[in-house]
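Everything on this sheet refers to the single structure shown next.
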Amino acid sequence: EGPVVVSGGGSVQAGGSLRLSCTAHGFTFELAMAWYRQAPGSECELVSAVRGNATVYSDSAKGRFTVSQDTAKNSVYLQMNSLKPEDTAVYFCASAVAGARACTGAWGQGTQVTVSS
């Protein structure tokens with residue numbers, strides 16, 4: 001088990017919603033945290049990042065995904081709405097500067113999101 005535990009993935013139909021959760025163990029989210037994803041045959045992609053009230057989204061996530069942080073629970077969340085088949089990937093939570101390392105599981109196992117058409 002890595003520094004974070006991710007949950008909330010699953011299988012949904014296009015247009016559906018999922019909420020991913022990421023909880024830290026042994027450290028607090030003092031730095032920016034991010035959600036990454038990796039689809040089969042594709043590179044690790046930064047989906048969204050959050051630090052306090054500041055957020056960043058990839059072009060594909062803008063308008064559909066919402067990232068949030070609950071410092072009291074040492075957790076970050078990713079609310080994903082209007083899901084598309086191209087959102088199918090393994091989603092990881094890691095530091096916003098982890099880069100491709102985030103998708104290796106170095107920060108913890110990811111969660112599978114599968115969107116069917």
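Chain identifiers are assigned as A, B, and so on, following the order in which chains appear in the structure tokens; residues are numbered from 1 within each chain, and ligands are numbered from 1 in order of appearance.
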Need to verify the contact set: range 7-18 of chain A, 8 Å, only C-alpha atoms, exclusion of same-chain residues closer than 2 positions in sequence. Can you return it as an mmCIF file with C-alpha atoms, in the first residue's frame?
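So selection29.cif came out as:
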data_model
loop_
_atom_site.group_PDB
_atom_site.id
_atom_site.type_symbol
_atom_site.label_atom_id
_atom_site.label_comp_id
_atom_site.auth_asym_id
_atom_site.auth_seq_id
_atom_site.Cartn_x
_atom_site.Cartn_y
_atom_site.Cartn_z
ATOM 1 C CA VAL A 5 -5.635 4.948 -0.994
ATOM 2 C CA LEU A 20 -13.257 9.074 -6.907
ATOM 3 C CA SER A 21 -11.753 9.476 -3.457
ATOM 4 C CA CYS A 22 -8.116 9.678 -2.407
ATOM 5 C CA GLN A 79 -16.400 14.131 -9.295
ATOM 6 C CA MET A 80 -16.743 12.945 -12.869
ATOM 7 C CA ASN A 81 -19.943 13.726 -14.754
ATOM 8 C CA SER A 82 -21.010 13.210 -18.354
ATOM 9 C CA LEU A 83 -18.523 10.386 -18.662
ATOM 10 C CA LYS A 84 -17.430 9.307 -22.130
ATOM 11 C CA PRO A 85 -15.938 6.018 -23.359
ATOM 12 C CA GLY A 110 -5.149 3.252 -9.042
ATOM 13 C CA THR A 111 -8.818 2.575 -9.604
ATOM 14 C CA GLN A 112 -10.324 1.352 -12.863
ATOM 15 C CA VAL A 113 -12.964 3.487 -14.551
ATOM 16 C CA THR A 114 -14.769 1.879 -17.469
ATOM 17 C CA VAL A 115 -17.303 3.811 -19.525
ATOM 18 C CA SER A 116 -19.363 1.900 -22.054
ATOM 19 C CA SER A 117 -21.138 3.437 -25.024
#
Contacts of Tyr57 in chain A at 10 Å (only C-alpha atoms; same-chain gap of 5+ positions) as a list in words: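 My reading of the contact set: Ala34, Trp35, Leu46, Val47, Ser48, Ala49, Val50, Lys62, Gly63, Arg64, Phe65, Thr66 and Val67 of chain A.
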Report the closest atom pair, with its distance in Å rounded to one decimal, for each residue of range 3-60 of chain A that has an atom no farther than 6 Å from range 88-94 of chain A; count only C-alpha atoms, sort by chain and then rising residue number, and write it as a Markdown table.
| residue | atom | partner | partner_atom | distance |
| --- | --- | --- | --- | --- |
| A:Met33 | CA | A:Ala94 | CA | 5.8 |
| A:Ala34 | CA | A:Ala94 | CA | 5.5 |
| A:Trp35 | CA | A:Cys93 | CA | 4.7 |
| A:Tyr36 | CA | A:Phe92 | CA | 5.1 |
| A:Arg37 | CA | A:Tyr91 | CA | 4.2 |
| A:Gln38 | CA | A:Ala89 | CA | 5.2 |
| A:Ala39 | CA | A:Ala89 | CA | 4.2 |
Create the file for the chosen residues now, containing C-alpha atoms and written as an mmCIF file, in the first residue's frame.
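Resulting contents of part37.cif:
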data_model
loop_
_atom_site.group_PDB
_atom_site.id
_atom_site.type_symbol
_atom_site.label_atom_id
_atom_site.label_comp_id
_atom_site.auth_asym_id
_atom_site.auth_seq_id
_atom_site.Cartn_x
_atom_site.Cartn_y
_atom_site.Cartn_z
ATOM 1 C CA MET A 33 -2.406 16.925 -5.247
ATOM 2 C CA ALA A 34 -3.523 15.642 -8.599
ATOM 3 C CA TRP A 35 -5.498 13.005 -10.388
ATOM 4 C CA TYR A 36 -3.838 11.203 -13.268
ATOM 5 C CA ARG A 37 -5.084 8.517 -15.605
ATOM 6 C CA GLN A 38 -3.634 5.993 -17.980
ATOM 7 C CA ALA A 39 -5.539 4.174 -20.664
#
One-decimal distance in Å that lies between CA of Val56 in chain A and CA of Gly41 in chain A: 24.7 Å
CA of Gln69 in chain A to CA of Gly52 in chain A, distance in Å rounded to a single decimal: 6.8 Å
